[in-house]
>>> print(open('run26.cif').read())   # mmCIF, N, CA and C atoms
data_structure
#
loop_
_atom_site.label_atom_id
_atom_site.label_comp_id
_atom_site.auth_asym_id
_atom_site.auth_seq_id
_atom_site.Cartn_x
_atom_site.Cartn_y
_atom_site.Cartn_z
N MET D 1 -8.91 11.25 -146.06
CA MET D 1 -7.67 10.89 -146.74
C MET D 1 -7.80 9.51 -147.38
N THR D 2 -7.46 9.40 -148.64
CA THR D 2 -7.50 8.10 -149.28
C THR D 2 -6.21 7.34 -148.98
N SER D 3 -6.19 6.10 -149.38
CA SER D 3 -5.01 5.31 -149.10
C SER D 3 -3.89 5.64 -150.08
N GLN D 4 -4.19 6.49 -151.06
CA GLN D 4 -3.17 6.73 -152.08
C GLN D 4 -2.51 8.09 -151.95
N LYS D 5 -2.77 8.77 -150.86
CA LYS D 5 -2.10 10.04 -150.65
C LYS D 5 -1.45 10.07 -149.28
N ALA D 6 -0.24 10.57 -149.25
CA ALA D 6 0.46 10.68 -147.98
C ALA D 6 0.67 12.15 -147.68
N ILE D 7 0.77 12.47 -146.40
CA ILE D 7 1.10 13.84 -146.00
C ILE D 7 2.38 13.79 -145.18
N PHE D 8 3.33 14.60 -145.58
CA PHE D 8 4.59 14.70 -144.86
C PHE D 8 4.63 16.04 -144.14
N TYR D 9 4.61 16.00 -142.81
CA TYR D 9 4.67 17.21 -142.01
C TYR D 9 6.11 17.47 -141.57
N HIS D 10 6.53 18.69 -141.70
CA HIS D 10 7.89 19.01 -141.27
C HIS D 10 7.95 20.46 -140.81
N ALA D 11 9.15 20.87 -140.38
CA ALA D 11 9.30 22.24 -139.91
C ALA D 11 10.57 22.88 -140.46
N GLY D 12 11.11 22.31 -141.51
CA GLY D 12 12.25 22.92 -142.17
C GLY D 12 13.60 22.68 -141.52
N CYS D 13 13.62 21.95 -140.43
CA CYS D 13 14.89 21.70 -139.72
C CYS D 13 15.74 20.70 -140.51
N PRO D 14 17.03 20.58 -140.18
CA PRO D 14 17.91 19.66 -140.91
C PRO D 14 17.40 18.21 -140.90
N VAL D 15 16.90 17.76 -139.76
CA VAL D 15 16.37 16.40 -139.69
C VAL D 15 15.18 16.24 -140.64
N CYS D 16 14.36 17.29 -140.69
CA CYS D 16 13.19 17.27 -141.59
C CYS D 16 13.63 17.22 -143.05
N GLN D 17 14.66 18.01 -143.38
CA GLN D 17 15.11 18.06 -144.77
C GLN D 17 15.66 16.71 -145.22
N GLU D 18 16.40 16.07 -144.32
CA GLU D 18 16.95 14.74 -144.63
C GLU D 18 15.82 13.74 -144.87
N ALA D 19 14.80 13.79 -144.02
CA ALA D 19 13.68 12.86 -144.19
C ALA D 19 12.88 13.19 -145.45
N GLU D 20 12.74 14.46 -145.74
CA GLU D 20 11.99 14.86 -146.94
C GLU D 20 12.66 14.33 -148.20
N LYS D 21 13.99 14.34 -148.19
CA LYS D 21 14.74 13.83 -149.34
C LYS D 21 14.37 12.37 -149.60
N MET D 22 14.36 11.59 -148.54
CA MET D 22 14.04 10.17 -148.67
C MET D 22 12.60 9.99 -149.13
N ILE D 23 11.69 10.70 -148.49
CA ILE D 23 10.27 10.59 -148.82
C ILE D 23 10.03 10.97 -150.29
N THR D 24 10.64 12.06 -150.71
CA THR D 24 10.44 12.54 -152.07
C THR D 24 11.05 11.58 -153.09
N ASN D 25 12.22 11.03 -152.75
CA ASN D 25 12.90 10.15 -153.70
C ASN D 25 12.28 8.76 -153.79
N TYR D 26 11.77 8.26 -152.68
CA TYR D 26 11.49 6.83 -152.63
C TYR D 26 10.04 6.44 -152.41
N LEU D 27 9.17 7.41 -152.10
CA LEU D 27 7.77 7.01 -151.93
C LEU D 27 7.08 6.95 -153.29
N ASN D 28 6.29 5.91 -153.45
CA ASN D 28 5.66 5.70 -154.76
C ASN D 28 4.22 6.19 -154.82
N CYS D 29 3.82 7.01 -153.86
CA CYS D 29 2.47 7.59 -153.92
C CYS D 29 2.60 9.11 -153.80
N PRO D 30 1.58 9.84 -154.22
CA PRO D 30 1.65 11.30 -154.11
C PRO D 30 1.81 11.73 -152.66
N VAL D 31 2.69 12.68 -152.44
CA VAL D 31 2.93 13.16 -151.08
C VAL D 31 2.70 14.66 -151.03
N GLU D 32 1.86 15.07 -150.11
CA GLU D 32 1.69 16.50 -149.85
C GLU D 32 2.70 16.88 -148.78
N VAL D 33 3.53 17.85 -149.06
CA VAL D 33 4.55 18.28 -148.10
C VAL D 33 4.05 19.54 -147.40
N VAL D 34 3.94 19.48 -146.09
CA VAL D 34 3.37 20.58 -145.31
C VAL D 34 4.41 21.09 -144.30
N HIS D 35 4.82 22.34 -144.47
CA HIS D 35 5.73 22.99 -143.53
C HIS D 35 4.87 23.60 -142.42
N LEU D 36 4.90 23.01 -141.26
CA LEU D 36 3.99 23.46 -140.20
C LEU D 36 4.38 24.82 -139.63
N GLY D 37 5.66 25.18 -139.76
CA GLY D 37 6.07 26.51 -139.31
C GLY D 37 5.45 27.59 -140.19
N GLN D 38 5.29 27.26 -141.46
CA GLN D 38 4.72 28.23 -142.40
C GLN D 38 3.21 28.04 -142.58
N ASN D 39 2.68 26.96 -142.02
CA ASN D 39 1.24 26.68 -142.09
C ASN D 39 0.75 26.27 -140.71
N ARG D 40 0.86 27.20 -139.79
CA ARG D 40 0.57 26.88 -138.40
C ARG D 40 -0.89 26.48 -138.21
N GLN D 41 -1.75 26.91 -139.12
CA GLN D 41 -3.16 26.54 -139.00
C GLN D 41 -3.38 25.06 -139.23
N ARG D 42 -2.36 24.35 -139.70
CA ARG D 42 -2.51 22.90 -139.91
C ARG D 42 -1.91 22.07 -138.78
N ILE D 43 -1.38 22.74 -137.77
CA ILE D 43 -0.80 22.00 -136.65
C ILE D 43 -1.87 21.14 -135.97
N ASP D 44 -3.07 21.70 -135.81
CA ASP D 44 -4.13 20.92 -135.17
C ASP D 44 -4.53 19.70 -136.00
N GLU D 45 -4.54 19.87 -137.30
CA GLU D 45 -4.84 18.74 -138.20
C GLU D 45 -3.80 17.63 -137.99
N ALA D 46 -2.53 18.02 -137.94
CA ALA D 46 -1.47 17.03 -137.72
C ALA D 46 -1.66 16.32 -136.39
N ARG D 47 -2.00 17.12 -135.38
CA ARG D 47 -2.20 16.55 -134.04
C ARG D 47 -3.34 15.54 -134.05
N ARG D 48 -4.40 15.85 -134.79
CA ARG D 48 -5.54 14.93 -134.86
C ARG D 48 -5.14 13.59 -135.50
N PHE D 49 -4.19 13.63 -136.42
CA PHE D 49 -3.70 12.38 -137.02
C PHE D 49 -2.85 11.58 -136.04
N GLY D 50 -2.41 12.26 -134.97
CA GLY D 50 -1.55 11.58 -134.01
C GLY D 50 -0.11 12.00 -134.09
N VAL D 51 0.17 13.01 -134.92
CA VAL D 51 1.54 13.49 -135.04
C VAL D 51 1.97 14.15 -133.73
N GLN D 52 3.11 13.75 -133.21
CA GLN D 52 3.63 14.33 -131.97
C GLN D 52 4.89 15.13 -132.21
N SER D 53 5.60 14.79 -133.28
CA SER D 53 6.84 15.50 -133.60
C SER D 53 7.02 15.48 -135.11
N VAL D 54 7.91 16.34 -135.58
CA VAL D 54 8.25 16.34 -137.01
C VAL D 54 9.72 15.96 -137.15
N PRO D 55 10.10 15.40 -138.27
CA PRO D 55 9.28 15.06 -139.42
C PRO D 55 8.38 13.85 -139.16
N ALA D 56 7.22 13.85 -139.80
CA ALA D 56 6.30 12.74 -139.67
C ALA D 56 5.55 12.53 -140.97
N LEU D 57 5.28 11.28 -141.25
CA LEU D 57 4.54 10.91 -142.45
C LEU D 57 3.22 10.29 -142.03
N VAL D 58 2.12 10.78 -142.61
CA VAL D 58 0.82 10.17 -142.35
C VAL D 58 0.37 9.49 -143.64
N VAL D 59 0.11 8.22 -143.55
CA VAL D 59 -0.38 7.48 -144.72
C VAL D 59 -1.25 6.34 -144.24
N ASP D 60 -2.35 6.12 -144.92
CA ASP D 60 -3.32 5.09 -144.51
C ASP D 60 -3.73 5.29 -143.06
N SER D 61 -3.91 6.53 -142.66
CA SER D 61 -4.34 6.86 -141.29
C SER D 61 -3.33 6.48 -140.22
N ALA D 62 -2.14 6.09 -140.60
CA ALA D 62 -1.12 5.76 -139.61
C ALA D 62 -0.04 6.84 -139.62
N VAL D 63 0.54 7.07 -138.46
CA VAL D 63 1.58 8.09 -138.33
C VAL D 63 2.94 7.43 -138.19
N TYR D 64 3.87 7.89 -138.98
CA TYR D 64 5.24 7.40 -138.89
C TYR D 64 6.14 8.58 -138.55
N HIS D 65 6.58 8.64 -137.30
CA HIS D 65 7.55 9.66 -136.92
C HIS D 65 8.91 9.19 -137.42
N ILE D 66 9.57 10.03 -138.18
CA ILE D 66 10.84 9.65 -138.80
C ILE D 66 11.95 10.45 -138.15
N ASN D 67 12.79 9.76 -137.37
CA ASN D 67 13.79 10.44 -136.55
C ASN D 67 13.08 11.52 -135.72
N TYR D 68 13.84 12.47 -135.21
CA TYR D 68 13.21 13.48 -134.36
C TYR D 68 13.80 14.84 -134.65
N GLY D 69 12.97 15.74 -135.12
CA GLY D 69 13.43 17.10 -135.37
C GLY D 69 12.96 18.05 -134.30
N ALA D 70 11.64 18.08 -134.08
CA ALA D 70 11.06 18.98 -133.08
C ALA D 70 9.68 18.47 -132.67
N GLY D 71 9.32 18.74 -131.44
CA GLY D 71 7.98 18.40 -130.99
C GLY D 71 6.97 19.40 -131.54
N LEU D 72 5.73 18.96 -131.70
CA LEU D 72 4.71 19.87 -132.24
C LEU D 72 4.58 21.14 -131.39
N ASN D 73 4.75 20.98 -130.10
CA ASN D 73 4.58 22.14 -129.20
C ASN D 73 5.72 23.15 -129.36
N ASP D 74 6.80 22.75 -130.02
CA ASP D 74 7.95 23.65 -130.16
C ASP D 74 7.94 24.39 -131.49
N ILE D 75 6.93 24.15 -132.31
CA ILE D 75 6.90 24.78 -133.64
C ILE D 75 6.27 26.17 -133.56
N MET I 76 26.59 -0.53 -150.07
CA MET I 76 25.17 -0.36 -150.38
C MET I 76 25.02 0.64 -151.51
N THR I 77 24.29 0.31 -152.51
CA THR I 77 24.04 1.27 -153.58
C THR I 77 22.89 2.17 -153.17
N SER I 78 22.67 3.21 -153.96
CA SER I 78 21.59 4.13 -153.62
C SER I 78 20.24 3.54 -153.97
N GLN I 79 20.23 2.37 -154.61
CA GLN I 79 18.96 1.82 -155.07
C GLN I 79 18.48 0.67 -154.23
N LYS I 80 19.14 0.41 -153.11
CA LYS I 80 18.66 -0.65 -152.25
C LYS I 80 18.51 -0.11 -150.84
N ALA I 81 17.42 -0.46 -150.22
CA ALA I 81 17.20 -0.03 -148.85
C ALA I 81 17.20 -1.28 -147.96
N ILE I 82 17.55 -1.08 -146.71
CA ILE I 82 17.47 -2.17 -145.73
C ILE I 82 16.54 -1.73 -144.61
N PHE I 83 15.57 -2.57 -144.32
CA PHE I 83 14.63 -2.29 -143.24
C PHE I 83 14.93 -3.27 -142.11
N TYR I 84 15.40 -2.73 -140.99
CA TYR I 84 15.70 -3.54 -139.82
C TYR I 84 14.52 -3.52 -138.86
N HIS I 85 14.15 -4.67 -138.37
CA HIS I 85 13.03 -4.71 -137.42
C HIS I 85 13.23 -5.87 -136.46
N ALA I 86 12.29 -6.01 -135.52
CA ALA I 86 12.40 -7.09 -134.54
C ALA I 86 11.06 -7.79 -134.35
N GLY I 87 10.17 -7.62 -135.30
CA GLY I 87 8.92 -8.37 -135.24
C GLY I 87 7.85 -7.79 -134.33
N CYS I 88 8.15 -6.70 -133.66
CA CYS I 88 7.18 -6.12 -132.72
C CYS I 88 6.04 -5.43 -133.48
N PRO I 89 4.94 -5.11 -132.80
CA PRO I 89 3.81 -4.47 -133.48
C PRO I 89 4.19 -3.17 -134.18
N VAL I 90 5.01 -2.35 -133.54
CA VAL I 90 5.44 -1.10 -134.18
C VAL I 90 6.23 -1.40 -135.46
N CYS I 91 7.05 -2.45 -135.38
CA CYS I 91 7.83 -2.84 -136.55
C CYS I 91 6.93 -3.32 -137.68
N GLN I 92 5.91 -4.09 -137.33
CA GLN I 92 5.02 -4.64 -138.36
C GLN I 92 4.25 -3.53 -139.06
N GLU I 93 3.85 -2.54 -138.29
CA GLU I 93 3.13 -1.40 -138.86
C GLU I 93 4.04 -0.64 -139.83
N ALA I 94 5.27 -0.44 -139.43
CA ALA I 94 6.21 0.28 -140.30
C ALA I 94 6.56 -0.55 -141.53
N GLU I 95 6.68 -1.85 -141.35
CA GLU I 95 7.02 -2.72 -142.48
C GLU I 95 5.93 -2.66 -143.55
N LYS I 96 4.67 -2.57 -143.09
CA LYS I 96 3.55 -2.49 -144.02
C LYS I 96 3.71 -1.25 -144.92
N MET I 97 4.03 -0.13 -144.29
CA MET I 97 4.18 1.11 -145.05
C MET I 97 5.36 1.00 -146.01
N ILE I 98 6.48 0.52 -145.49
CA ILE I 98 7.70 0.40 -146.30
C ILE I 98 7.45 -0.51 -147.50
N THR I 99 6.81 -1.63 -147.25
CA THR I 99 6.58 -2.60 -148.31
C THR I 99 5.59 -2.06 -149.35
N ASN I 100 4.58 -1.34 -148.87
CA ASN I 100 3.55 -0.84 -149.79
C ASN I 100 4.01 0.37 -150.60
N TYR I 101 4.81 1.21 -149.99
CA TYR I 101 5.01 2.54 -150.59
C TYR I 101 6.42 2.87 -151.03
N LEU I 102 7.41 2.04 -150.70
CA LEU I 102 8.76 2.37 -151.16
C LEU I 102 8.95 1.87 -152.59
N ASN I 103 9.57 2.72 -153.41
CA ASN I 103 9.70 2.37 -154.82
C ASN I 103 11.07 1.80 -155.18
N CYS I 104 11.82 1.38 -154.16
CA CYS I 104 13.10 0.73 -154.46
C CYS I 104 13.13 -0.62 -153.74
N PRO I 105 14.00 -1.52 -154.18
CA PRO I 105 14.06 -2.83 -153.52
C PRO I 105 14.42 -2.67 -152.05
N VAL I 106 13.74 -3.41 -151.20
CA VAL I 106 13.99 -3.32 -149.77
C VAL I 106 14.33 -4.70 -149.23
N GLU I 107 15.47 -4.80 -148.56
CA GLU I 107 15.79 -6.04 -147.85
C GLU I 107 15.24 -5.92 -146.45
N VAL I 108 14.42 -6.87 -146.05
CA VAL I 108 13.82 -6.84 -144.72
C VAL I 108 14.61 -7.78 -143.81
N VAL I 109 15.16 -7.23 -142.74
CA VAL I 109 16.02 -8.00 -141.84
C VAL I 109 15.43 -8.02 -140.43
N HIS I 110 15.06 -9.20 -139.98
CA HIS I 110 14.56 -9.38 -138.60
C HIS I 110 15.78 -9.61 -137.71
N LEU I 111 16.12 -8.60 -136.92
CA LEU I 111 17.37 -8.69 -136.14
C LEU I 111 17.28 -9.70 -135.01
N GLY I 112 16.06 -10.00 -134.56
CA GLY I 112 15.93 -11.03 -133.54
C GLY I 112 16.28 -12.41 -134.09
N GLN I 113 15.98 -12.60 -135.35
CA GLN I 113 16.26 -13.89 -136.00
C GLN I 113 17.60 -13.88 -136.73
N ASN I 114 18.20 -12.69 -136.83
CA ASN I 114 19.52 -12.57 -137.49
C ASN I 114 20.42 -11.71 -136.62
N ARG I 115 20.67 -12.22 -135.44
CA ARG I 115 21.41 -11.42 -134.47
C ARG I 115 22.82 -11.07 -134.94
N GLN I 116 23.35 -11.87 -135.86
CA GLN I 116 24.69 -11.58 -136.37
C GLN I 116 24.72 -10.31 -137.20
N ARG I 117 23.56 -9.77 -137.52
CA ARG I 117 23.53 -8.52 -138.30
C ARG I 117 23.28 -7.28 -137.44
N ILE I 118 23.19 -7.49 -136.12
CA ILE I 118 22.97 -6.34 -135.24
C ILE I 118 24.14 -5.35 -135.34
N ASP I 119 25.37 -5.89 -135.40
CA ASP I 119 26.53 -5.01 -135.50
C ASP I 119 26.52 -4.22 -136.80
N GLU I 120 26.11 -4.88 -137.87
CA GLU I 120 26.01 -4.19 -139.16
C GLU I 120 25.04 -3.01 -139.05
N ALA I 121 23.89 -3.26 -138.43
CA ALA I 121 22.90 -2.20 -138.26
C ALA I 121 23.49 -1.06 -137.45
N ARG I 122 24.19 -1.43 -136.38
CA ARG I 122 24.79 -0.42 -135.50
C ARG I 122 25.79 0.45 -136.28
N ARG I 123 26.56 -0.20 -137.16
CA ARG I 123 27.53 0.56 -137.96
C ARG I 123 26.85 1.57 -138.87
N PHE I 124 25.67 1.25 -139.33
CA PHE I 124 24.92 2.21 -140.16
C PHE I 124 24.39 3.36 -139.32
N GLY I 125 24.39 3.19 -137.99
CA GLY I 125 23.86 4.23 -137.13
C GLY I 125 22.50 3.91 -136.55
N VAL I 126 22.03 2.69 -136.80
CA VAL I 126 20.73 2.29 -136.25
C VAL I 126 20.82 2.20 -134.73
N GLN I 127 19.89 2.85 -134.05
CA GLN I 127 19.87 2.82 -132.60
C GLN I 127 18.66 2.07 -132.07
N SER I 128 17.60 2.05 -132.88
CA SER I 128 16.38 1.35 -132.48
C SER I 128 15.70 0.80 -133.72
N VAL I 129 14.77 -0.09 -133.50
CA VAL I 129 13.96 -0.60 -134.62
C VAL I 129 12.51 -0.21 -134.38
N PRO I 130 11.72 -0.09 -135.43
CA PRO I 130 12.09 -0.26 -136.84
C PRO I 130 12.94 0.89 -137.37
N ALA I 131 13.82 0.56 -138.31
CA ALA I 131 14.66 1.58 -138.93
C ALA I 131 14.90 1.22 -140.39
N LEU I 132 14.98 2.26 -141.19
CA LEU I 132 15.24 2.10 -142.61
C LEU I 132 16.58 2.74 -142.92
N VAL I 133 17.45 2.00 -143.62
CA VAL I 133 18.72 2.57 -144.07
C VAL I 133 18.67 2.68 -145.58
N VAL I 134 18.86 3.87 -146.08
CA VAL I 134 18.87 4.08 -147.53
C VAL I 134 19.78 5.26 -147.83
N ASP I 135 20.58 5.13 -148.90
CA ASP I 135 21.55 6.18 -149.25
C ASP I 135 22.44 6.51 -148.06
N SER I 136 22.82 5.49 -147.30
CA SER I 136 23.71 5.66 -146.14
C SER I 136 23.09 6.49 -145.02
N ALA I 137 21.83 6.79 -145.09
CA ALA I 137 21.17 7.55 -144.02
C ALA I 137 20.24 6.61 -143.25
N VAL I 138 20.09 6.87 -141.96
CA VAL I 138 19.23 6.06 -141.11
C VAL I 138 17.96 6.82 -140.78
N TYR I 139 16.84 6.16 -140.98
CA TYR I 139 15.55 6.75 -140.63
C TYR I 139 14.89 5.85 -139.59
N HIS I 140 14.92 6.29 -138.34
CA HIS I 140 14.21 5.56 -137.29
C HIS I 140 12.73 5.89 -137.44
N ILE I 141 11.91 4.88 -137.56
CA ILE I 141 10.48 5.08 -137.82
C ILE I 141 9.71 4.67 -136.57
N ASN I 142 9.15 5.66 -135.88
CA ASN I 142 8.54 5.40 -134.58
C ASN I 142 9.54 4.66 -133.70
N TYR I 143 9.08 4.03 -132.65
CA TYR I 143 10.03 3.37 -131.74
C TYR I 143 9.46 2.04 -131.28
N GLY I 144 10.15 0.97 -131.62
CA GLY I 144 9.72 -0.35 -131.17
C GLY I 144 10.59 -0.86 -130.05
N ALA I 145 11.89 -0.89 -130.29
CA ALA I 145 12.83 -1.40 -129.29
C ALA I 145 14.22 -0.86 -129.59
N GLY I 146 15.01 -0.68 -128.55
CA GLY I 146 16.40 -0.29 -128.74
C GLY I 146 17.22 -1.49 -129.20
N LEU I 147 18.31 -1.22 -129.90
CA LEU I 147 19.14 -2.35 -130.38
C LEU I 147 19.64 -3.19 -129.22
N ASN I 148 19.91 -2.56 -128.10
CA ASN I 148 20.43 -3.30 -126.95
C ASN I 148 19.39 -4.23 -126.33
N ASP I 149 18.13 -4.04 -126.68
CA ASP I 149 17.06 -4.86 -126.08
C ASP I 149 16.66 -6.03 -126.96
N ILE I 150 17.32 -6.17 -128.09
CA ILE I 150 16.94 -7.25 -129.02
C ILE I 150 17.66 -8.54 -128.64
#
>>> encode(input="run26.cif", output="structure tokens")
Amino acid sequence: MTSQKAIFYHAGCPVCQEAEKMITNYLNCPVEVVHLGQNRQRIDEARRFGVQSVPALVVDSAVYHINYGAGLNDI
Amino acid sequence: MTSQKAIFYHAGCPVCQEAEKMITNYLNCPVEVVHLGQNRQRIDEARRFGVQSVPALVVDSAVYHINYGAGLNDI
């Protein structure tokens, strides 16, 4: 992952949608939006980044959990 | 608060500093950075926005708690 791309992991829940709105409106770098419920094969990738719950933003190899929608184990 | 200004509340902790880096680098709107430990008179303002812990970002009247550094009551 380069420093100029962010990945936003979510699961479609209301908390995720609210966070996605902010991320989409206000982040100034390209963001890949990944619905982990619909892309379960990427759950392990998220876990490797350190994601523990969604919604979460990964950028510059750092994980930012934004509020709390669901734990990765509950998806 | 207009929709074009964000407020980032923090308390100087490592988790806050990490989140501030992301906010400062990647948010495309003006951000007011408020250190609540050094501006304790603004703790009530943060609470009214719904902030429960820091670091937190308030934008468009919504609160985004970013990871967890400290509860407002512990500042």
>>> resolve_selection(input="run26.cif", expression="the PyMOL selection byres ((chain I and resi 87) around 8)", output="short mmCIF file (atom, residue, chain, number, x, y, z; two decimals) with N, CA and C atoms, in the frame of the given file")
data_model
loop_
_atom_site.label_atom_id
_atom_site.label_comp_id
_atom_site.auth_asym_id
_atom_site.auth_seq_id
_atom_site.Cartn_x
_atom_site.Cartn_y
_atom_site.Cartn_z
N TYR I 84 15.40 -2.73 -140.99
CA TYR I 84 15.70 -3.54 -139.82
C TYR I 84 14.52 -3.52 -138.86
N HIS I 85 14.15 -4.67 -138.37
CA HIS I 85 13.03 -4.71 -137.42
C HIS I 85 13.23 -5.87 -136.46
N ALA I 86 12.29 -6.01 -135.52
CA ALA I 86 12.40 -7.09 -134.54
C ALA I 86 11.06 -7.79 -134.35
N CYS I 88 8.15 -6.70 -133.66
CA CYS I 88 7.18 -6.12 -132.72
C CYS I 88 6.04 -5.43 -133.48
N PRO I 89 4.94 -5.11 -132.80
CA PRO I 89 3.81 -4.47 -133.48
C PRO I 89 4.19 -3.17 -134.18
N VAL I 90 5.01 -2.35 -133.54
CA VAL I 90 5.44 -1.10 -134.18
C VAL I 90 6.23 -1.40 -135.46
N CYS I 91 7.05 -2.45 -135.38
CA CYS I 91 7.83 -2.84 -136.55
C CYS I 91 6.93 -3.32 -137.68
N GLN I 92 5.91 -4.09 -137.33
CA GLN I 92 5.02 -4.64 -138.36
C GLN I 92 4.25 -3.53 -139.06
N GLU I 93 3.85 -2.54 -138.29
CA GLU I 93 3.13 -1.40 -138.86
C GLU I 93 4.04 -0.64 -139.83
N VAL I 109 15.16 -7.23 -142.74
CA VAL I 109 16.02 -8.00 -141.84
C VAL I 109 15.43 -8.02 -140.43
N HIS I 110 15.06 -9.20 -139.98
CA HIS I 110 14.56 -9.38 -138.60
C HIS I 110 15.78 -9.61 -137.71
N LEU I 111 16.12 -8.60 -136.92
CA LEU I 111 17.37 -8.69 -136.14
C LEU I 111 17.28 -9.70 -135.01
N GLY I 112 16.06 -10.00 -134.56
CA GLY I 112 15.93 -11.03 -133.54
C GLY I 112 16.28 -12.41 -134.09
N GLN I 113 15.98 -12.60 -135.35
CA GLN I 113 16.26 -13.89 -136.00
C GLN I 113 17.60 -13.88 -136.73
N VAL I 129 14.77 -0.09 -133.50
CA VAL I 129 13.96 -0.60 -134.62
C VAL I 129 12.51 -0.21 -134.38
N PRO I 130 11.72 -0.09 -135.43
CA PRO I 130 12.09 -0.26 -136.84
C PRO I 130 12.94 0.89 -137.37
#
>>> select_by_dssp(input="run26.cif", residues="chain I", states="strand (DSSP E or B)", output="PyMOL selection string")
chain I and resi 81-85+102+106-110+128-134+137-146
>>> write_last_selection(input="run26.cif", atoms="N, CA and C atoms", output="mmCIF file, in the frame of the given file")
data_model
loop_
_atom_site.group_PDB
_atom_site.id
_atom_site.type_symbol
_atom_site.label_atom_id
_atom_site.label_comp_id
_atom_site.auth_asym_id
_atom_site.auth_seq_id
_atom_site.Cartn_x
_atom_site.Cartn_y
_atom_site.Cartn_z
ATOM 1 N N ALA I 81 17.420 -0.460 -150.220
ATOM 2 C CA ALA I 81 17.200 -0.030 -148.850
ATOM 3 C C ALA I 81 17.200 -1.280 -147.960
ATOM 4 N N ILE I 82 17.550 -1.080 -146.710
ATOM 5 C CA ILE I 82 17.470 -2.170 -145.730
ATOM 6 C C ILE I 82 16.540 -1.730 -144.610
ATOM 7 N N PHE I 83 15.570 -2.570 -144.320
ATOM 8 C CA PHE I 83 14.630 -2.290 -143.240
ATOM 9 C C PHE I 83 14.930 -3.270 -142.110
ATOM 10 N N TYR I 84 15.400 -2.730 -140.990
ATOM 11 C CA TYR I 84 15.700 -3.540 -139.820
ATOM 12 C C TYR I 84 14.520 -3.520 -138.860
ATOM 13 N N HIS I 85 14.150 -4.670 -138.370
ATOM 14 C CA HIS I 85 13.030 -4.710 -137.420
ATOM 15 C C HIS I 85 13.230 -5.870 -136.460
ATOM 16 N N LEU I 102 7.410 2.040 -150.700
ATOM 17 C CA LEU I 102 8.760 2.370 -151.160
ATOM 18 C C LEU I 102 8.950 1.870 -152.590
ATOM 19 N N VAL I 106 13.740 -3.410 -151.200
ATOM 20 C CA VAL I 106 13.990 -3.320 -149.770
ATOM 21 C C VAL I 106 14.330 -4.700 -149.230
ATOM 22 N N GLU I 107 15.470 -4.800 -148.560
ATOM 23 C CA GLU I 107 15.790 -6.040 -147.850
ATOM 24 C C GLU I 107 15.240 -5.920 -146.450
ATOM 25 N N VAL I 108 14.420 -6.870 -146.050
ATOM 26 C CA VAL I 108 13.820 -6.840 -144.720
ATOM 27 C C VAL I 108 14.610 -7.780 -143.810
ATOM 28 N N VAL I 109 15.160 -7.230 -142.740
ATOM 29 C CA VAL I 109 16.020 -8.000 -141.840
ATOM 30 C C VAL I 109 15.430 -8.020 -140.430
ATOM 31 N N HIS I 110 15.060 -9.200 -139.980
ATOM 32 C CA HIS I 110 14.560 -9.380 -138.600
ATOM 33 C C HIS I 110 15.780 -9.610 -137.710
ATOM 34 N N SER I 128 17.600 2.050 -132.880
ATOM 35 C CA SER I 128 16.380 1.350 -132.480
ATOM 36 C C SER I 128 15.700 0.800 -133.720
ATOM 37 N N VAL I 129 14.770 -0.090 -133.500
ATOM 38 C CA VAL I 129 13.960 -0.600 -134.620
ATOM 39 C C VAL I 129 12.510 -0.210 -134.380
ATOM 40 N N PRO I 130 11.720 -0.090 -135.430
ATOM 41 C CA PRO I 130 12.090 -0.260 -136.840
ATOM 42 C C PRO I 130 12.940 0.890 -137.370
ATOM 43 N N ALA I 131 13.820 0.560 -138.310
ATOM 44 C CA ALA I 131 14.660 1.580 -138.930
ATOM 45 C C ALA I 131 14.900 1.220 -140.390
ATOM 46 N N LEU I 132 14.980 2.260 -141.190
ATOM 47 C CA LEU I 132 15.240 2.100 -142.610
ATOM 48 C C LEU I 132 16.580 2.740 -142.920
ATOM 49 N N VAL I 133 17.450 2.000 -143.620
ATOM 50 C CA VAL I 133 18.720 2.570 -144.070
ATOM 51 C C VAL I 133 18.670 2.680 -145.580
ATOM 52 N N VAL I 134 18.860 3.870 -146.080
ATOM 53 C CA VAL I 134 18.870 4.080 -147.530
ATOM 54 C C VAL I 134 19.780 5.260 -147.830
ATOM 55 N N ALA I 137 21.830 6.790 -145.090
ATOM 56 C CA ALA I 137 21.170 7.550 -144.020
ATOM 57 C C ALA I 137 20.240 6.610 -143.250
ATOM 58 N N VAL I 138 20.090 6.870 -141.960
ATOM 59 C CA VAL I 138 19.230 6.060 -141.110
ATOM 60 C C VAL I 138 17.960 6.820 -140.780
ATOM 61 N N TYR I 139 16.840 6.160 -140.980
ATOM 62 C CA TYR I 139 15.550 6.750 -140.630
ATOM 63 C C TYR I 139 14.890 5.850 -139.590
ATOM 64 N N HIS I 140 14.920 6.290 -138.340
ATOM 65 C CA HIS I 140 14.210 5.560 -137.290
ATOM 66 C C HIS I 140 12.730 5.890 -137.440
ATOM 67 N N ILE I 141 11.910 4.880 -137.560
ATOM 68 C CA ILE I 141 10.480 5.080 -137.820
ATOM 69 C C ILE I 141 9.710 4.670 -136.570
ATOM 70 N N ASN I 142 9.150 5.660 -135.880
ATOM 71 C CA ASN I 142 8.540 5.400 -134.580
ATOM 72 C C ASN I 142 9.540 4.660 -133.700
ATOM 73 N N TYR I 143 9.080 4.030 -132.650
ATOM 74 C CA TYR I 143 10.030 3.370 -131.740
ATOM 75 C C TYR I 143 9.460 2.040 -131.280
ATOM 76 N N GLY I 144 10.150 0.970 -131.620
ATOM 77 C CA GLY I 144 9.720 -0.350 -131.170
ATOM 78 C C GLY I 144 10.590 -0.860 -130.050
ATOM 79 N N ALA I 145 11.890 -0.890 -130.290
ATOM 80 C CA ALA I 145 12.830 -1.400 -129.290
ATOM 81 C C ALA I 145 14.220 -0.860 -129.590
ATOM 82 N N GLY I 146 15.010 -0.680 -128.550
ATOM 83 C CA GLY I 146 16.400 -0.290 -128.740
ATOM 84 C C GLY I 146 17.220 -1.490 -129.200
#
>>> atom_distance(input="run26.cif", atom1="CA of Arg42 in chain D", atom2="CA of Asn142 in chain I")
21.4 Å
>>> resolve_selection(input="run26.cif", expression="the PyMOL selection byres ((chain I and name CA) within 9 of (chain D and name CA))", output="list of chain:residue names")
I:Glu93, I:Ala94, I:Met97, I:Ile98, I:Asn100, I:Tyr101, I:Leu102, I:Asn103, I:Cys104, I:Ala131, I:Val134, I:Asp135, I:Ala137, I:Val138, I:Tyr139, I:His140, I:Ile141, I:Asn142, I:Tyr143
